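Chemist: Sending over a structure as structure tokens; questions will come in a sec.
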Amino acid sequence: MRHGRGWRTTDGAARFTPRPGGCGAATALDLSRPFSDIARAASSLPDTVLDGELVAVLKDGSGVAFDRLQSRTGSRGPRSGADFTVHVALFDVLTVGEQDWRQRPYTERRAELLHLLEQGPPTLRAVPATENHEQALEWVGALGGVEGLVRKRADGRYAAGLASGWVKWRQRHTTEAVVIGVTGRTPAAQALVLGRPHGGRMRAVAVSLPLTPHVRAAVAPLLHAAGGEMRELPGTVGGLPGADPVRFLPVEPEVVVEIEVDQDRLEFGRYRHRPRVRRVRGDLSPELIDDGT
């Protein structure tokens, strides 16, 4: 079982599917050991390649939690007493046995996916799909952990990456954070290390996307270096588990910025995806910012 372009299991109208908070960018890693429960469940399916995403479903019924998946990193499998179970939200089918389904219309692939899962284990499920735009929007926020939608052509073929023609839409939120550092060697790559107060100190919660020229021009004159030495953040603050450490120049925590994020609360003390800095909030001081939990 691998997480990459799809899941391999051995032995005209638009369609919308909800996008849960899942395992993030494809890495082509073998996950059979840390997710042995899913590997066992998938063994009941025929030899097939499926497009899907890992989802941690909370046992209390409150929704899904991306951060719980990280507790499996480096482990030998499920842990007793965990407050979640792992499922796979399946989007599409690429191959079944020796048959390549990628050139068939999405409606046919969708029907085959449902057929494959009809008698399958409950932890492997196809995501809902609809041709009704209003119904699709109702899913966002109503289904626990759904952060956006994917729009596909009903007659479209399967293709990887940008060639797919899929349109992804995420719900966005705005909040504030304190600038505690600057990273990036060139102006085009410069980003901000963002923090929030926690337990009497400033905790790093994200590395922003590269700044636009307008935002960079507004924020640069307001920053004051806090010593001349570079520091490092764990890669998880600026990306996914296993990412390289982030080197940055610390600055005095004096400037508050408005940021755009795709989740309304922190997970594991950080934002899952890199925020976009929208503007300087000169009307706010750092002590007015809450911890974001």
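Going through the structure tokens in order, the chains are called A, B, and so on, while each chain numbers its residues from 1 and the ligands are numbered from 1 in the order shown.
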Show me, as a list of chain:residue names, the residues that have an atom within 12 Å of Gln119 in chain A when counting only C-alpha atoms, minus same-chain residues fewer than 4 positions from it.
Modeler: A:Ala41, A:Ala42, A:Ser44, A:Leu45, A:Pro46, A:Leu113, A:Leu114, A:His115, A:Thr123, A:Leu124, A:Arg125
Chemist: For the selection just defined, write its residues with C-alpha atoms to a file, as an mmCIF file, in the first residue's frame.
Modeler:
data_model
loop_
_atom_site.group_PDB
_atom_site.id
_atom_site.type_symbol
_atom_site.label_atom_id
_atom_site.label_comp_id
_atom_site.auth_asym_id
_atom_site.auth_seq_id
_atom_site.Cartn_x
_atom_site.Cartn_y
_atom_site.Cartn_z
ATOM 1 C CA ALA A 41 -8.787 -3.987 5.025
ATOM 2 C CA ALA A 42 -7.582 -3.305 1.472
ATOM 3 C CA SER A 44 -10.127 -7.878 0.654
ATOM 4 C CA LEU A 45 -10.345 -5.939 -2.639
ATOM 5 C CA PRO A 46 -9.179 -7.187 -6.031
ATOM 6 C CA LEU A 113 -15.475 2.466 -7.727
ATOM 7 C CA LEU A 114 -18.848 2.047 -6.035
ATOM 8 C CA HIS A 115 -19.059 -1.500 -7.383
ATOM 9 C CA THR A 123 -13.006 1.772 6.506
ATOM 10 C CA LEU A 124 -12.746 2.067 2.705
ATOM 11 C CA ARG A 125 -15.445 4.366 1.374
#
Chemist: Which residues are near Val193 in chain A? Cut-off 12 Å, only C-alpha atoms, ignore same chain within fewer than 5 positions. Put them as a PyMOL selection string.
Modeler: chain A and resi 177-184+202-211+231-234+237-238+246-253+255-257+259+270-271+274-277
Chemist: Find, counting only C-alpha atoms, the residue in A:Leu194, A:Leu50, A:Ala226, A:Ala65 that gets nearest to Val93 in chain A.
Modeler: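 That would be A:Leu50, the residue with the smallest distance to Val93 in chain A.
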Chemist: Quick one: DSSP strand (DSSP E) residues in range 120-264 of chain A, as a PyMOL selection string?
Modeler: chain A and resi 124-126+146-153+167-170+173-183+191-198+201-207+231-233+246-250+256-261
Chemist: Take the residues from that selection and write them out as an mmCIF file, in the first residue's frame, keeping C-alpha atoms.
Modeler:
data_model
loop_
_atom_site.group_PDB
_atom_site.id
_atom_site.type_symbol
_atom_site.label_atom_id
_atom_site.label_comp_id
_atom_site.auth_asym_id
_atom_site.auth_seq_id
_atom_site.Cartn_x
_atom_site.Cartn_y
_atom_site.Cartn_z
ATOM 1 C CA LEU A 124 -12.746 2.067 2.705
ATOM 2 C CA ARG A 125 -15.445 4.366 1.374
ATOM 3 C CA ALA A 126 -16.061 6.479 -1.700
ATOM 4 C CA VAL A 146 -14.635 18.807 5.014
ATOM 5 C CA GLU A 147 -12.608 21.857 4.084
ATOM 6 C CA GLY A 148 -13.498 22.224 0.415
ATOM 7 C CA LEU A 149 -14.690 20.671 -2.832
ATOM 8 C CA VAL A 150 -13.278 19.180 -6.015
ATOM 9 C CA ARG A 151 -15.147 19.786 -9.278
ATOM 10 C CA LYS A 152 -14.715 17.231 -12.062
ATOM 11 C CA ARG A 153 -16.181 16.884 -15.528
ATOM 12 C CA VAL A 167 -10.947 22.539 -9.954
ATOM 13 C CA LYS A 168 -10.314 22.600 -6.215
ATOM 14 C CA TRP A 169 -12.053 25.040 -3.892
ATOM 15 C CA ARG A 170 -11.264 25.523 -0.216
ATOM 16 C CA HIS A 173 -10.703 31.986 7.124
ATOM 17 C CA THR A 174 -8.898 35.141 8.200
ATOM 18 C CA THR A 175 -7.135 35.607 11.514
ATOM 19 C CA GLU A 176 -4.103 37.399 12.946
ATOM 20 C CA ALA A 177 -0.576 36.362 13.860
ATOM 21 C CA VAL A 178 2.615 38.006 15.086
ATOM 22 C CA VAL A 179 5.710 38.208 12.867
ATOM 23 C CA ILE A 180 8.628 36.537 14.678
ATOM 24 C CA GLY A 181 11.017 35.901 11.806
ATOM 25 C CA VAL A 182 11.855 36.173 8.107
ATOM 26 C CA THR A 183 12.971 33.342 5.833
ATOM 27 C CA ALA A 191 8.193 34.566 3.794
ATOM 28 C CA LEU A 192 7.307 35.314 7.397
ATOM 29 C CA VAL A 193 7.608 33.066 10.407
ATOM 30 C CA LEU A 194 4.362 33.595 12.290
ATOM 31 C CA GLY A 195 3.690 33.155 15.975
ATOM 32 C CA ARG A 196 1.002 33.280 18.641
ATOM 33 C CA PRO A 197 1.383 33.726 22.400
ATOM 34 C CA HIS A 198 1.248 30.467 24.346
ATOM 35 C CA ARG A 201 5.952 32.975 25.305
ATOM 36 C CA MET A 202 5.630 33.344 21.551
ATOM 37 C CA ARG A 203 5.206 30.002 19.779
ATOM 38 C CA ALA A 204 5.841 29.562 16.045
ATOM 39 C CA VAL A 205 2.657 28.344 14.336
ATOM 40 C CA ALA A 206 3.408 28.711 10.614
ATOM 41 C CA VAL A 207 5.678 29.848 7.825
ATOM 42 C CA ARG A 231 17.687 29.924 13.808
ATOM 43 C CA GLU A 232 15.882 26.778 12.762
ATOM 44 C CA LEU A 233 12.299 25.570 13.032
ATOM 45 C CA VAL A 246 13.314 25.995 8.152
ATOM 46 C CA ARG A 247 16.117 28.514 8.682
ATOM 47 C CA PHE A 248 15.046 32.052 9.533
ATOM 48 C CA LEU A 249 16.263 35.354 10.908
ATOM 49 C CA PRO A 250 14.359 36.189 14.130
ATOM 50 C CA VAL A 256 0.733 41.871 13.695
ATOM 51 C CA VAL A 257 -0.439 40.729 10.265
ATOM 52 C CA GLU A 258 -3.741 39.442 8.942
ATOM 53 C CA ILE A 259 -3.430 35.983 7.426
ATOM 54 C CA GLU A 260 -5.661 33.760 5.318
ATOM 55 C CA VAL A 261 -5.855 30.119 6.390
#
Chemist: With distances taken over only C-alpha atoms, which residue among A:Ala217, A:Val64, A:Ala136, A:Ile38 lies nearest Pro121 in chain A?
Modeler: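 The shortest atom-to-atom distance to Pro121 in chain A comes from A:Ile38.
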Chemist: In Å, with one decimal, what is the gap from CA of Asp155 in chain A to CA of Glu112 in chain A?
Modeler: 14.5 Å
Chemist: Which one of A:Glu53, A:Asp100, A:Asp60, A:Asp290 sits closest to Leu266 in chain A if you count only C-alpha atoms?
Modeler: A:Asp290
Chemist: Of the residues A:Ser164, A:Phe91, A:Asn132, A:Gly228, which is the one nearest to Gln103 in chain A, using only C-alpha atoms?
Modeler: A:Ser164
